[in-house]
Amino acid sequence: MIIIGEKINGSIPSMAKAIAEKNADYIRNLAKKQADAGANFIDVCASVSPDTELETLKWLIGLVQEVTDTPVSIDSPNAKVFAEAIQICKKPGLINSVSMEGNKIEQVFPLIAGTEWECVTLLCDDTGIPKSAEKRLEVFDAIIEKAEAGRISLSRLHVDPVVEMLCASEDGIAKILKTIKTVKERCPDVHVTGGASNISFNLPLRKFINRSFIILCMGAGMDSAIIDPLNQDMLGLIYAAEALLGKDEMCMDYIGAYREGLFGEVKG
């Protein structure tokens, strides 16, 4: 599982406070903890006003790179921000994200063509979030067409089927699972990602929904996730699921992660 650490995000109250107070030590510490926990990318999202976003994002990326070599995931709704932010990154990372809305994909794909930068692609377009798996797959086909035309290797794409709140869903996660399975069937090299915590908004004891969601999605083919890598219970379940799905030969990754203390017993 490719783990995208979600903790350095200004939409999280504690992080918003740290950004506002310019608490560099807090941010550096959180970046290092996520890297040490095994994150493959450190997501960096400023979540501030557009006029200060780029400046804040560069500051955050700089702090992350002071304490870890783990690649950065640049998280922004503004395509122009990516062009500026990647220039200060020490190594290729992840763009989070593009979709078929507006002309964002036309701005970002040429930017990363011929590089090793990877990209999260949301399955939505100018009509919004498609209501069915079939419509989301139509958006997926359009994104793949754009990627191939721009000579973007499909293995560099992390397709996000768009995770919505479970409490507002009419069919649970049926369309998400169908979308994931079909994406992997059509393009095995493409990664499938998603924000695990999105599914449980407005529900009590969200951890149970989040954990169950990840396991079900991994069974359907999800191999990338935006999660809290400091959540040892979640990490333990991910390593266990990979072993059960036959993606961990002789359970060596599971055993190794346990010995390194990346997870412990799941409580409650």
# chains A, B, ... in the order shown; residues from 1 in each chain; ligands from 1
call {"tool": "closest_atom_pairs", "arguments": {"of": "segment 87-159 of chain A", "to": "segment 37-44 of chain A", "cutoff": "9 Å", "atoms": "only C-alpha atoms", "output": "JSON lines"}}
result
{"residue": "A:Gly93", "atom": "CA", "partner": "A:Phe41", "partner_atom": "CA", "distance": 7.1}
{"residue": "A:Leu94", "atom": "CA", "partner": "A:Phe41", "partner_atom": "CA", "distance": 7.4}
{"residue": "A:Asn96", "atom": "CA", "partner": "A:Asp43", "partner_atom": "CA", "distance": 8.3}
call {"tool": "write_last_selection", "arguments": {"atoms": "C-alpha atoms", "output": "tab-separated table (two decimals), in the first residue's frame"}}
result
chain	number	residue	atom	x	y	z
A	93	GLY	CA	6.71	13.71	-5.59
A	94	LEU	CA	2.97	13.74	-6.07
A	96	ASN	CA	-2.75	16.32	-5.59
call {"tool": "residues_around", "arguments": {"residues": "segment 135-151 of chain A", "least_positions_apart": "3", "cutoff": "6 Å", "atoms": "only C-alpha atoms", "output": "NGL selection string"}}
result
:A and (123 or 130 or 132)
call {"tool": "closest_residue", "arguments": {"among": "A:Glu84, A:Asp171, A:Asp75, A:Asp248", "to": "Ser47 of chain A", "atoms": "only C-alpha atoms"}}
result
A:Asp75
call {"tool": "residues_around", "arguments": {"residues": "Ile180 of chain A", "least_positions_apart": "6", "cutoff": "8 Å", "atoms": "only C-alpha atoms", "output": "PyMOL selection string"}}
result
chain A and resi 161+192+217+220-222
call {"tool": "select_by_dssp", "arguments": {"residues": "segment 7-124 of chain A", "states": "alpha helix (DSSP H)", "output": "PDB file with C-alpha atoms, in the first residue's frame"}}
result
ATOM      1  CA  PRO A  13      -7.587  22.665  13.362  1.00  0.00           C
ATOM      2  CA  SER A  14      -4.309  21.846  15.127  1.00  0.00           C
ATOM      3  CA  MET A  15      -2.369  22.319  11.894  1.00  0.00           C
ATOM      4  CA  ALA A  16      -4.231  25.528  11.059  1.00  0.00           C
ATOM      5  CA  LYS A  17      -3.160  26.850  14.466  1.00  0.00           C
ATOM      6  CA  ALA A  18       0.470  25.820  13.838  1.00  0.00           C
ATOM      7  CA  ILE A  19       0.449  27.536  10.434  1.00  0.00           C
ATOM      8  CA  ALA A  20      -1.090  30.708  11.835  1.00  0.00           C
ATOM      9  CA  ALA A  24       7.916  25.417  12.578  1.00  0.00           C
ATOM     10  CA  ASP A  25       9.004  22.875  15.208  1.00  0.00           C
ATOM     11  CA  TYR A  26       5.503  21.390  15.409  1.00  0.00           C
ATOM     12  CA  ILE A  27       5.315  20.991  11.628  1.00  0.00           C
ATOM     13  CA  ARG A  28       8.832  19.568  11.278  1.00  0.00           C
ATOM     14  CA  ASN A  29       8.122  17.075  14.062  1.00  0.00           C
ATOM     15  CA  LEU A  30       4.894  15.931  12.420  1.00  0.00           C
ATOM     16  CA  ALA A  31       6.623  15.509   9.067  1.00  0.00           C
ATOM     17  CA  LYS A  32       9.381  13.386  10.587  1.00  0.00           C
ATOM     18  CA  LYS A  33       6.926  11.231  12.542  1.00  0.00           C
ATOM     19  CA  GLN A  34       4.947  10.455   9.402  1.00  0.00           C
ATOM     20  CA  ALA A  35       8.100   9.587   7.462  1.00  0.00           C
ATOM     21  CA  ASP A  36       9.338   7.364  10.292  1.00  0.00           C
ATOM     22  CA  PRO A  50      -5.522  32.153  -2.223  1.00  0.00           C
ATOM     23  CA  ASP A  51      -3.379  35.271  -1.828  1.00  0.00           C
ATOM     24  CA  THR A  52      -1.130  33.585   0.762  1.00  0.00           C
ATOM     25  CA  GLU A  53      -1.385  29.948  -0.361  1.00  0.00           C
ATOM     26  CA  LEU A  54       1.778  29.741  -2.458  1.00  0.00           C
ATOM     27  CA  GLU A  55       3.938  31.474   0.137  1.00  0.00           C
ATOM     28  CA  THR A  56       2.558  29.232   2.892  1.00  0.00           C
ATOM     29  CA  LEU A  57       2.922  26.090   0.808  1.00  0.00           C
ATOM     30  CA  LYS A  58       6.562  26.843   0.017  1.00  0.00           C
ATOM     31  CA  TRP A  59       7.248  27.437   3.700  1.00  0.00           C
ATOM     32  CA  LEU A  60       5.613  24.130   4.654  1.00  0.00           C
ATOM     33  CA  ILE A  61       7.455  22.178   1.959  1.00  0.00           C
ATOM     34  CA  GLY A  62      10.728  23.683   3.118  1.00  0.00           C
ATOM     35  CA  LEU A  63      10.080  22.550   6.690  1.00  0.00           C
ATOM     36  CA  VAL A  64       9.214  19.025   5.561  1.00  0.00           C
ATOM     37  CA  GLN A  65      12.381  18.763   3.478  1.00  0.00           C
ATOM     38  CA  GLU A  66      14.521  19.880   6.401  1.00  0.00           C
ATOM     39  CA  VAL A  67      13.735  16.684   8.304  1.00  0.00           C
ATOM     40  CA  ALA A  79      -3.035  24.455 -10.877  1.00  0.00           C
ATOM     41  CA  LYS A  80      -0.807  27.535 -11.065  1.00  0.00           C
ATOM     42  CA  VAL A  81       0.473  26.803  -7.565  1.00  0.00           C
ATOM     43  CA  PHE A  82       1.914  23.456  -8.694  1.00  0.00           C
ATOM     44  CA  ALA A  83       4.158  25.098 -11.295  1.00  0.00           C
ATOM     45  CA  GLU A  84       5.755  27.272  -8.621  1.00  0.00           C
ATOM     46  CA  ALA A  85       5.848  24.732  -5.794  1.00  0.00           C
ATOM     47  CA  LYS A 104      -6.619  21.999 -14.827  1.00  0.00           C
ATOM     48  CA  ILE A 105      -5.453  18.756 -16.383  1.00  0.00           C
ATOM     49  CA  GLU A 106      -4.209  20.625 -19.459  1.00  0.00           C
ATOM     50  CA  GLN A 107      -2.094  22.798 -17.186  1.00  0.00           C
ATOM     51  CA  VAL A 108      -0.684  20.037 -14.985  1.00  0.00           C
ATOM     52  CA  PHE A 109       0.001  17.127 -17.347  1.00  0.00           C
ATOM     53  CA  PRO A 110       2.392  19.136 -19.577  1.00  0.00           C
ATOM     54  CA  LEU A 111       4.082  20.346 -16.390  1.00  0.00           C
ATOM     55  CA  ILE A 112       4.953  16.803 -15.273  1.00  0.00           C
TER      56      ILE A 112
END
call {"tool": "residues_around", "arguments": {"residues": "Ser97 of chain A", "least_positions_apart": "5", "cutoff": "8 Å", "atoms": "only C-alpha atoms", "output": "number ranges by chain"}}
result
A: 75-77, 119-122
call {"tool": "closest_residue", "arguments": {"among": "A:Val190, A:Met218, A:Val72, A:Ile88", "to": "Gly246 of chain A", "atoms": "only C-alpha atoms"}}
result
A:Met218
call {"tool": "residues_around", "arguments": {"residues": "Phe213 of chain A", "least_positions_apart": "4", "cutoff": "9 Å", "atoms": "only C-alpha atoms", "output": "list in words"}}
result
Ile173, Ala196, Ile199, Phe208, Ile209, Cys217 and Met218 of chain A
call {"tool": "select_by_dssp", "arguments": {"residues": "segment 17-265 of chain A", "states": "strand (DSSP E or B)", "output": "ChimeraX atom specification"}}
result
/A:41-45,72-75,94-100,118-125,128,157-160,191-192,195,224-227
call {"tool": "residues_around", "arguments": {"residues": "Lys247 of chain A", "least_positions_apart": "5", "cutoff": "12 Å", "atoms": "only C-alpha atoms", "output": "PyMOL selection string"}}
result
chain A and resi 1+218-219+221+223+238-242+252-254
